[in-house]
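With mmCIF, C-alpha atoms inside, this is work_19.cif:
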```
data_data
loop_
_atom_site.label_atom_id
_atom_site.label_comp_id
_atom_site.auth_asym_id
_atom_site.auth_seq_id
_atom_site.Cartn_x
_atom_site.Cartn_y
_atom_site.Cartn_z
CA MET A 60 -17.66 139.22 292.50
CA LYS A 61 -15.82 135.93 291.98
CA LEU A 62 -13.28 136.84 294.67
CA LEU A 63 -16.03 137.72 297.13
CA LEU A 64 -17.87 134.48 296.42
CA LEU A 65 -14.62 132.54 296.75
CA ASN A 66 -14.01 133.99 300.22
CA LEU A 67 -17.58 133.22 301.26
CA ILE A 68 -17.31 129.65 300.03
CA LEU A 69 -14.05 129.13 301.91
CA ALA A 70 -15.66 130.49 305.06
CA VAL A 71 -18.67 128.22 304.64
CA GLY A 72 -16.37 125.25 304.03
CA ASN A 73 -14.61 126.00 307.32
CA LEU A 74 -17.95 126.28 309.10
CA ILE A 75 -19.27 123.00 307.71
CA LEU A 76 -16.19 121.27 309.04
CA ALA A 77 -16.72 122.86 312.43
CA VAL A 78 -20.42 122.25 313.08
CA GLY A 79 -22.25 119.07 314.07
CA PHE A 80 -20.30 118.20 317.19
CA GLN A 81 -18.81 119.78 320.24
CA LEU A 82 -16.99 118.32 323.21
CA SER A 83 -18.24 119.37 326.62
CA PHE A 84 -16.46 118.71 329.88
CA THR A 85 -17.02 119.30 333.55
CA ALA A 86 -14.95 119.27 336.73
CA ILE A 87 -15.58 118.82 340.41
CA PRO A 88 -15.64 122.28 342.06
CA ASP A 89 -12.84 121.50 344.50
CA GLN A 90 -11.24 124.94 344.42
CA ASP A 91 -12.22 128.59 344.09
CA GLU A 92 -14.03 129.76 340.95
CA THR A 93 -11.03 131.69 339.60
CA THR A 94 -8.86 128.57 339.65
CA LEU A 95 -11.61 126.42 338.13
CA GLN A 96 -12.17 128.88 335.28
CA ALA A 97 -8.44 129.18 334.58
CA ARG A 98 -8.24 125.41 334.32
CA ALA A 99 -11.27 125.28 332.03
CA ASP A 100 -9.81 127.92 329.73
CA ALA A 101 -6.54 126.00 329.54
CA VAL A 102 -8.31 122.74 328.65
CA THR A 103 -10.47 124.42 326.01
CA SER A 104 -7.57 126.14 324.25
CA TYR A 105 -5.27 123.13 324.40
CA LEU A 106 -7.75 120.47 323.23
CA GLN A 107 -9.18 122.61 320.42
CA SER A 108 -5.66 123.19 319.12
CA TYR A 109 -4.63 119.53 319.47
CA ILE A 110 -7.71 118.16 317.72
CA ASN A 111 -7.46 120.75 314.96
CA SER A 112 -3.80 120.01 314.25
CA THR A 113 -4.11 116.23 314.62
CA CYS A 114 -7.44 115.58 312.90
CA GLU A 115 -7.81 118.71 310.74
CA VAL A 116 -11.28 119.47 312.07
CA GLU A 117 -12.40 122.33 314.25
CA VAL A 118 -14.30 120.93 317.21
CA PRO A 119 -15.49 123.39 319.87
CA VAL A 120 -14.63 122.38 323.43
CA VAL A 121 -16.91 123.90 326.06
CA TYR A 122 -16.89 123.88 329.84
CA ASN A 123 -19.99 122.87 331.81
CA ALA A 124 -19.51 124.33 335.29
CA VAL A 125 -21.37 122.66 338.16
CA SER A 126 -22.19 123.66 341.71
CA ASP A 127 -21.08 120.56 343.60
CA TYR A 128 -19.37 117.18 343.31
CA GLY A 129 -22.59 115.23 342.80
CA ALA A 130 -23.58 117.50 339.91
CA ALA A 131 -20.26 116.76 338.21
CA VAL A 132 -20.97 113.02 338.37
CA ASN A 133 -24.54 113.57 337.15
CA ALA A 134 -23.29 115.65 334.22
CA LEU A 135 -21.33 112.68 332.91
CA VAL A 136 -24.23 110.31 333.54
CA ASP A 137 -26.91 112.43 331.85
CA GLY A 138 -24.67 113.42 328.94
CA THR A 139 -24.47 117.16 329.62
CA ALA A 140 -20.72 116.55 329.79
CA ASP A 141 -18.76 114.18 327.56
CA PHE A 142 -15.80 113.89 329.91
CA GLY A 143 -14.67 115.40 333.16
CA TRP A 144 -11.99 115.98 335.76
CA PHE A 145 -12.79 114.04 338.91
CA GLY A 146 -11.28 113.04 342.20
CA GLY A 147 -10.69 109.33 342.71
CA LEU A 148 -14.03 108.75 344.43
CA THR A 149 -16.17 110.80 342.06
CA GLY A 150 -14.30 109.30 339.11
CA VAL A 151 -15.19 105.81 340.31
CA GLN A 152 -18.79 106.90 340.99
CA ALA A 153 -19.08 108.36 337.50
CA GLY A 154 -17.56 105.24 335.95
CA LEU A 155 -19.95 102.96 337.83
CA ARG A 156 -23.01 104.97 336.85
CA SER A 157 -22.06 105.60 333.21
CA PRO A 158 -20.80 102.27 331.81
CA PRO A 159 -18.78 101.73 329.77
CA ALA A 160 -16.98 104.88 330.89
CA VAL A 161 -13.26 105.10 330.15
CA TYR A 162 -10.50 106.33 332.42
CA LEU A 163 -8.37 108.56 330.19
CA SER A 164 -5.36 109.81 332.15
CA GLN A 165 -4.11 111.15 335.45
CA ARG A 166 -1.38 113.53 336.55
CA VAL A 167 2.04 112.17 337.50
CA GLU A 168 1.31 113.37 341.02
CA ASP A 169 -1.96 111.45 341.25
CA LYS A 170 -0.16 108.13 341.44
CA GLU A 171 1.33 109.16 344.79
CA PHE A 172 -1.19 111.61 346.19
CA THR A 173 -1.57 112.64 349.82
CA SER A 174 -3.86 114.60 352.10
CA VAL A 175 -2.74 116.93 354.87
CA PHE A 176 -4.25 117.70 358.24
CA ILE A 177 -3.85 121.34 359.21
CA GLN A 178 -4.33 123.16 362.51
CA GLY A 179 -5.39 126.65 363.42
CA PRO A 180 -2.86 129.31 364.47
CA GLY A 181 -4.12 129.36 368.07
CA LEU A 182 -3.37 125.71 368.86
CA PRO A 183 -0.17 124.26 370.28
CA ASP A 184 1.95 122.39 367.73
CA LEU A 185 0.23 119.04 367.07
CA SER A 186 2.85 117.56 364.74
CA ALA A 187 4.28 115.28 367.44
CA GLU A 188 0.85 113.66 367.83
CA GLY A 189 0.50 112.78 364.15
CA ILE A 190 -3.02 111.98 363.03
CA GLN A 191 -4.03 111.65 366.70
CA GLY A 192 -3.88 115.44 366.80
CA ALA A 193 -7.38 115.45 365.25
CA ASN A 194 -8.79 113.30 368.05
CA GLY A 195 -11.41 115.11 370.11
CA ARG A 196 -11.17 118.29 368.05
CA SER A 197 -13.56 120.04 365.66
CA LEU A 198 -12.63 118.96 362.13
CA ALA A 199 -13.44 120.36 358.69
CA PHE A 200 -13.63 118.20 355.57
CA GLY A 201 -14.12 119.54 352.04
CA SER A 202 -16.93 117.91 350.07
CA GLU A 203 -18.48 114.71 351.35
CA SER A 204 -17.61 113.18 347.96
CA SER A 205 -14.00 114.39 348.02
CA THR A 206 -11.30 111.72 347.90
CA SER A 207 -8.49 113.80 349.39
CA GLY A 208 -10.74 116.03 351.51
CA HIS A 209 -12.91 113.32 353.11
CA LEU A 210 -12.68 109.70 351.90
CA MET A 211 -8.99 109.03 352.51
CA PRO A 212 -8.62 111.21 355.64
CA THR A 213 -11.58 109.32 357.13
CA TYR A 214 -10.03 106.00 356.10
CA PHE A 215 -6.70 106.81 357.75
CA MET A 216 -8.39 108.07 360.93
CA GLY A 217 -10.24 104.76 361.12
CA GLU A 218 -7.04 102.78 360.57
CA ALA A 219 -5.21 104.65 363.33
CA ASP A 220 -4.61 102.90 366.65
CA PRO A 221 -6.44 104.07 368.59
CA GLU A 222 -9.06 105.20 366.12
CA VAL A 223 -9.28 108.98 365.72
CA VAL A 224 -12.70 110.37 366.64
CA PRO A 225 -13.19 114.12 366.14
CA ALA A 226 -15.44 116.03 368.53
CA SER A 227 -17.42 117.35 365.55
CA THR A 228 -17.16 117.56 361.78
CA ILE A 229 -18.34 119.95 359.08
CA PHE A 230 -18.19 119.89 355.27
CA THR A 231 -16.95 123.14 353.76
CA GLY A 232 -17.50 122.14 350.11
CA SER A 233 -13.94 122.67 348.85
CA HIS A 234 -10.29 122.46 349.87
CA ASP A 235 -9.82 126.23 349.82
CA ALA A 236 -12.86 126.66 352.05
CA THR A 237 -11.38 124.16 354.50
CA VAL A 238 -8.22 126.24 354.86
CA ASP A 239 -10.34 129.34 355.41
CA ALA A 240 -12.49 127.60 358.06
CA VAL A 241 -9.42 126.55 360.03
CA ALA A 242 -7.77 129.96 359.61
CA ASP A 243 -10.78 131.91 360.89
CA GLY A 244 -11.32 129.60 363.87
CA SER A 245 -14.58 128.02 362.69
CA VAL A 246 -12.91 124.66 363.42
CA GLU A 247 -9.69 123.61 365.10
CA VAL A 248 -8.33 121.30 362.39
CA GLY A 249 -9.04 120.40 358.77
CA ALA A 250 -8.18 117.80 356.13
CA LEU A 251 -7.50 118.67 352.51
CA ASN A 252 -5.69 118.00 349.25
CA SER A 253 -1.91 118.39 349.63
CA VAL A 254 -1.50 120.06 346.22
CA VAL A 255 -4.06 122.74 347.07
CA TRP A 256 -2.30 123.26 350.39
CA GLN A 257 1.07 123.71 348.67
CA ASN A 258 -0.46 126.22 346.27
CA ARG A 259 -1.77 128.18 349.26
CA VAL A 260 1.71 128.11 350.79
CA VAL A 261 3.24 129.48 347.58
CA ALA A 262 0.55 132.17 347.39
CA ASN A 263 1.07 133.00 351.10
CA THR A 264 -2.65 132.53 351.82
CA THR A 265 -2.55 129.92 354.57
CA GLY A 266 -3.86 132.38 357.16
CA GLY A 267 -1.46 131.17 359.84
CA THR A 268 -2.52 127.52 359.56
CA SER A 269 0.08 124.76 359.45
CA VAL A 270 0.34 121.04 358.65
CA PHE A 271 0.59 118.61 361.54
CA TYR A 272 0.09 115.32 359.61
CA THR A 273 0.49 114.03 356.06
CA THR A 274 -1.24 110.79 355.06
CA PRO A 275 0.31 107.81 353.28
CA GLU A 276 0.09 107.87 349.47
CA TYR A 277 -2.90 106.81 347.37
CA VAL A 278 -4.22 107.42 343.82
CA ASP A 279 -6.50 110.37 343.21
CA TYR A 280 -7.58 112.72 340.40
CA LEU A 281 -8.25 111.55 336.83
CA TRP A 282 -9.96 112.36 333.53
CA VAL A 283 -13.01 110.17 332.80
CA SER A 284 -15.13 110.03 329.63
CA GLY A 285 -18.79 109.02 329.63
CA ALA A 286 -20.68 106.23 327.94
CA ALA A 287 -22.25 108.07 325.02
CA ILE A 288 -19.27 110.03 323.76
CA ALA A 289 -17.83 107.34 321.45
CA GLU A 290 -21.04 106.79 319.48
CA ASP A 291 -21.79 110.52 319.36
CA TRP A 292 -18.30 111.18 317.99
CA GLU A 293 -18.58 108.53 315.27
CA LEU A 294 -22.01 109.77 314.19
CA SER A 295 -21.02 113.42 314.22
CA VAL A 296 -17.74 113.18 312.34
CA ALA A 297 -19.57 111.44 309.51
CA GLU A 298 -21.68 114.61 309.16
CA ILE A 299 -18.83 117.10 309.41
CA ALA A 300 -17.49 116.68 305.86
CA PRO A 301 -19.91 114.68 303.71
CA LEU A 302 -18.03 114.91 300.36
CA GLY A 303 -15.45 112.31 299.33
CA SER A 304 -13.18 110.51 301.77
CA ARG A 305 -9.55 110.41 302.81
CA VAL A 306 -7.14 108.43 304.91
CA TRP A 307 -7.69 109.51 308.50
CA PRO A 308 -5.23 109.27 311.43
CA GLU A 309 -6.27 106.23 313.43
CA GLU A 310 -6.36 108.04 316.76
CA CYS A 311 -8.98 110.44 315.35
CA LEU A 312 -11.44 107.61 314.82
CA ASP A 313 -11.72 106.86 318.54
CA ILE A 314 -12.48 109.81 320.81
CA HIS A 315 -11.17 108.02 323.92
CA THR A 316 -7.80 107.49 322.27
CA LEU A 317 -7.78 111.03 320.90
CA LEU A 318 -8.44 112.60 324.31
CA THR A 319 -5.96 110.32 326.06
CA ASN A 320 -3.25 111.11 323.51
CA ALA A 321 -3.99 114.80 323.82
CA PHE A 322 -3.42 114.85 327.57
CA LEU A 323 -0.38 112.58 327.37
CA ALA A 324 1.15 114.83 324.71
CA ALA A 325 0.94 118.02 326.80
CA THR A 326 4.42 119.41 327.34
CA ALA A 327 5.88 122.50 328.95
CA ASP A 328 7.86 123.08 325.74
CA GLU A 329 4.69 124.23 323.94
CA PRO A 330 2.77 127.35 325.14
CA LEU A 331 -0.73 125.85 325.32
CA GLY A 332 0.62 122.68 326.88
CA ALA A 333 2.61 124.67 329.42
CA THR A 334 -0.50 126.63 330.38
CA LEU A 335 -2.48 123.40 330.81
CA LEU A 336 0.18 121.77 332.98
CA ASP A 337 0.57 124.88 335.10
CA ALA A 338 -3.20 125.18 335.59
CA TYR A 339 -3.31 121.60 336.89
CA SER A 340 -0.15 121.93 339.02
CA THR A 341 1.56 119.03 337.28
CA VAL A 342 4.67 118.11 335.34
CA GLY A 343 2.59 115.96 333.00
CA PHE A 344 -0.27 113.53 332.43
CA VAL A 345 0.31 109.77 332.34
CA PRO A 346 -1.72 106.62 331.50
CA ILE A 347 -3.84 104.89 334.13
CA GLU A 348 -2.91 101.33 334.99
CA PRO A 349 -5.63 98.63 334.99
CA ASN A 350 -7.31 98.28 338.40
CA GLU A 351 -5.36 101.22 339.77
CA TYR A 352 -8.50 102.73 341.34
CA ASP A 353 -9.78 99.50 342.90
CA PRO A 354 -8.63 100.64 346.38
CA ILE A 355 -10.73 103.80 346.04
CA TYR A 356 -13.68 101.66 345.00
CA SER A 357 -13.23 99.32 347.98
CA THR A 358 -12.79 102.16 350.46
CA GLY A 359 -15.79 104.03 349.06
CA CYS A 360 -17.94 100.95 349.50
CA GLU A 361 -16.59 100.28 352.98
CA LEU A 362 -17.41 103.83 354.11
CA GLU A 363 -20.79 103.72 352.30
CA LEU A 364 -19.84 106.60 349.98
CA ILE A 365 -20.62 104.44 346.95
CA GLU A 366 -24.19 103.23 346.53
CA GLU A 367 -24.70 99.68 347.77
CA GLN A 368 -25.99 98.45 344.40
CA TYR A 369 -22.55 99.13 342.89
CA CYS A 370 -20.56 97.46 345.66
CA ALA A 371 -20.22 93.98 344.18
CA ALA A 372 -17.54 91.58 345.37
CA VAL A 373 -15.47 92.24 342.23
CA PRO A 374 -15.02 95.80 340.89
CA PRO A 375 -16.58 96.40 337.44
CA ASN A 376 -14.28 95.94 334.47
CA ASN A 377 -14.33 99.60 333.45
CA LEU A 378 -12.48 100.74 336.58
CA GLY A 379 -8.95 101.61 335.55
CA GLU A 380 -9.21 100.12 332.08
CA GLY A 381 -8.83 103.31 330.09
CA THR A 382 -7.34 103.44 326.61
CA GLU A 383 -3.57 103.17 326.57
CA GLY A 384 -3.26 105.89 323.95
CA ASN A 385 -1.03 106.08 320.90
CA MET A 386 1.72 108.63 321.22
CA GLY A 387 2.57 108.44 317.52
CA ASP A 388 1.00 110.99 315.20
CA GLY A 389 -1.06 108.23 313.61
CA LYS A 390 -0.80 109.67 310.11
CA GLU A 391 1.27 106.78 308.80
CA ASP A 392 -1.31 104.31 310.08
CA GLY A 393 -4.38 105.72 308.39
CA MET A 394 -7.56 103.70 308.12
CA ASP A 395 -8.86 102.41 304.82
CA THR A 396 -10.82 105.12 303.03
CA THR A 397 -13.81 102.80 302.68
CA SER A 398 -14.16 102.53 306.46
CA THR A 399 -17.56 103.69 307.68
CA ALA A 400 -15.76 105.59 310.45
CA ALA A 401 -13.49 107.45 308.02
CA ILE A 402 -14.03 111.18 307.99
CA SER A 403 -14.72 112.68 304.60
CA CYS A 404 -12.36 115.02 302.78
CA SER A 405 -10.07 117.66 304.18
CA LYS A 406 -10.92 121.37 304.26
CA GLU A 407 -8.73 122.00 301.23
CA THR A 408 -10.38 119.25 299.15
CA PHE A 409 -13.85 120.34 300.14
CA ALA A 410 -13.11 123.98 299.35
CA PHE A 411 -11.60 123.05 295.97
CA ILE A 412 -14.68 121.06 294.97
CA VAL A 413 -17.14 123.74 296.02
CA VAL A 414 -15.10 126.57 294.50
CA SER A 415 -14.71 124.74 291.21
CA VAL A 416 -18.45 124.17 290.99
CA ALA A 417 -19.27 127.74 291.98
CA LEU A 418 -16.84 129.32 289.55
CA GLY A 419 -18.23 127.15 286.80
CA VAL A 420 -21.72 128.36 287.63
CA ILE A 421 -20.85 132.06 287.66
CA GLY A 422 -18.02 131.96 285.11
#
```
Written form, structure tokens:
Amino acid sequence: MKLLLLNLILAVGNLILAVGFQLSFTAIPDQDETTLQARADAVTSYLQSYINSTCEVEVPVVYNAVSDYGAAVNALVDGTADFGWFGGLTGVQAGLRSPPAVYLSQRVEDKEFTSVFIQGPGLPDLSAEGIQGANGRSLAFGSESSTSGHLMPTYFMGEADPEVVPASTIFTGSHDATVDAVADGSVEVGALNSVVWQNRVVANTTGGTSVFYTTPEYVDYLWVSGAAIAEDWELSVAEIAPLGSRVWPEECLDIHTLLTNAFLAATADEPLGATLLDAYSTVGFVPIEPNEYDPIYSTGCELELIEEQYCAAVPPNNLGEGTEGNMGDGKEDGMDTTSTAAISCSKETFAFIVVSVALGVIG
């Protein structure tokens, strides 16, 4: 009887440390559903493991799938997602609408990102024409809110001399759909994310399409956390383990720092990290420099893809001012146990207290 009760108490102790808070995230639906779900699964497994091992609490991480780019931004604004994976434009939009949002991290590749213009198999080779190859032709973009599939291709067409003016344009909704539209002849040319294009090349699913122009580099995708997550985290962790207190790793007290450190720590040498990096087609995540996304902000305002009310002369302070992160394990720099943000007792301490009381009662 005592052994059975002991097991039940330990299970309840684990549960108490796990309830009260969950992290939810979203992502712009820029690729096919299979790829999006694989990425979500990788994020969930990796972050749950990192938070558990770093902070000794079990926090569920759940994916909030959305139907379009605007819904991903809205999810961060209305709090149905705590953080999300965005393109440069949607990341800036989300940051503007959910102050004080924090830019967490980006992939190594996002510091030097490019778009490609592709042509259908029935056209003569347009590569000698460069971006002018899109002039006077039917053109497919991805989502209207896509950085690499609309914003920056449009910007570079406008900067060309002479300006590139397509005969017609359509929005396919995603990069993969753009490749398919060009391949099946729905349009003559298309603009999309260069990483997605390379993945299609590797998978041999280009449908006979080919690249005729690659844009100059710009910054793109990033992780962004919303306004309410910090307060929600502080309130919730105080409820997770209400007995006693202990020294807590400093990074665990601030959810922005914790998430940033988690992404920066992902490595191919560890299975869950390797799966995460592979899912996001990257060699690693890196910090975001202050004001790094100002050009996206300026271009979005210039092309009227950011609401006029947010297009002030000076970009808001939250753009590009994410937490720098702390790559140390933080356990040597614990906070004072009297801190109101300190999380109460570990699982082992909690279980010992409850078991001792229970055994005394039934002993």
**Spatial neighbours of segment 207-220 of chain A, 9 Å, only C-alpha atoms, chain gap at least 4 places, as a count of residues only** = 36
**Pick from A:Thr85, A:Thr265, A:Gln368, A:Thr149, whichever lies nearest to Thr206 of chain A using all atoms listed in the file** =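 Ranking A:Thr85, A:Thr265, A:Gln368, A:Thr149 by distance to Thr206 of chain A, first place goes to A:Thr149.
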For segment 290-379 of chain A versus segment 155-171 of chain A, which residues have an atom no more than 7 Å away, and what is each residue's nearest atom pair and distance in Å rounded to one decimal, using only C-alpha atoms, chain-then-number order, as a Markdown table?
```
| residue | atom | partner | partner_atom | distance |
| --- | --- | --- | --- | --- |
| A:His315 | CA | A:Leu163 | CA | 6.9 |
| A:Thr319 | CA | A:Leu163 | CA | 5.1 |
| A:Thr341 | CA | A:Arg166 | CA | 6.3 |
| A:Val342 | CA | A:Val167 | CA | 6.8 |
| A:Gly343 | CA | A:Arg166 | CA | 5.9 |
| A:Phe344 | CA | A:Arg166 | CA | 4.3 |
| A:Val345 | CA | A:Gln165 | CA | 5.6 |
| A:Pro346 | CA | A:Ser164 | CA | 4.9 |
| A:Ile347 | CA | A:Ser164 | CA | 5.5 |
| A:Tyr369 | CA | A:Leu155 | CA | 6.9 |
| A:Asn377 | CA | A:Pro159 | CA | 6.2 |
| A:Gly379 | CA | A:Tyr162 | CA | 5.9 |
```
**Message:** Distance cut-off 12 Å, centre (-14.7, 117.6, 320.8) in file coordinates, counting all atoms listed in the file: which residues qualify? Return them as a PyMOL selection string.
**Reply:** chain A and resi 77-84+102-111+114+116-122+140-142+284+288-289+291-293+295-296+311+313-315+317-318+321
**d(atom CA of Val278 of chain A, atom CA of Ser245 of chain A) in Å** = 29.8 Å
List as a CSV table (one decimal) with C-alpha atoms, in the frame of the given file the protein and nucleic acid residues near Ala338 of chain A, meaning an atom at most 9 Å away when only C-alpha atoms are counted, but skip any in the same chain fewer than 5 places from it.
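Result written to selection02.csv:
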```csv
chain,number,residue,atom,x,y,z
A,94,THR,CA,-8.9,128.6,339.6
A,95,LEU,CA,-11.6,126.4,338.1
A,97,ALA,CA,-8.4,129.2,334.6
A,98,ARG,CA,-8.2,125.4,334.3
A,99,ALA,CA,-11.3,125.3,332.0
A,101,ALA,CA,-6.5,126.0,329.5
A,102,VAL,CA,-8.3,122.7,328.6
A,333,ALA,CA,2.6,124.7,329.4
```
**Prompt:** Quick one: distance from atom CA of Ser197 of chain A to atom CA of Thr228 of chain A in Å, one decimal?
**Reply:**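 These two atoms are separated by 5.8 Å.
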**Item:** Selected residue of minimal separation from Glu92 of chain A among A:Val260, A:Leu281, A:Val136, A:Ala236, counting all atoms listed in the file
**Value:**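 Closest to Glu92 of chain A, using all atoms listed in the file: A:Ala236.
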**Message:** Show me, as a list in words, the residues that have an atom within 7 Å of segment 125-130 of chain A when counting all atoms listed in the file, minus same-chain residues fewer than 2 positions from it.
**Reply:**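 Everything that qualifies: Ile87, Pro88, Asn123, Val132, Asn133, Ala134 and Ser204 of chain A.
Across the structure, atom CA of Tyr352 of chain A and atom CA of Leu331 of chain A are spaced 29.2 Å apart.
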**Request:** Tell me which residues the PyMOL selection byres ((chain A and resi 181) around 10) grabs here, as number ranges by chain.
**Result:** A: 178-180, 182-184, 242, 244, 247, 267-268
The centre and edge lengths of an axis-aligned box containing all atoms of segment 285-297 of chain A present in the file, extended by 4 Å on each side, are to be given in Å to one decimal, as JSON.
```
{"center_x": -20.0, "center_y": 109.8, "center_z": 319.6, "size_x": 12.5, "size_y": 15.2, "size_z": 28.1}
```
**Item:** Selected residue, from A:Asp137, A:Asp239, A:Glu188, A:Glu366, that lies nearest to Gly285 of chain A when counting all atoms listed in the file
**Value:**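 With all atoms listed in the file as the atom set, the closest residue is A:Asp137.
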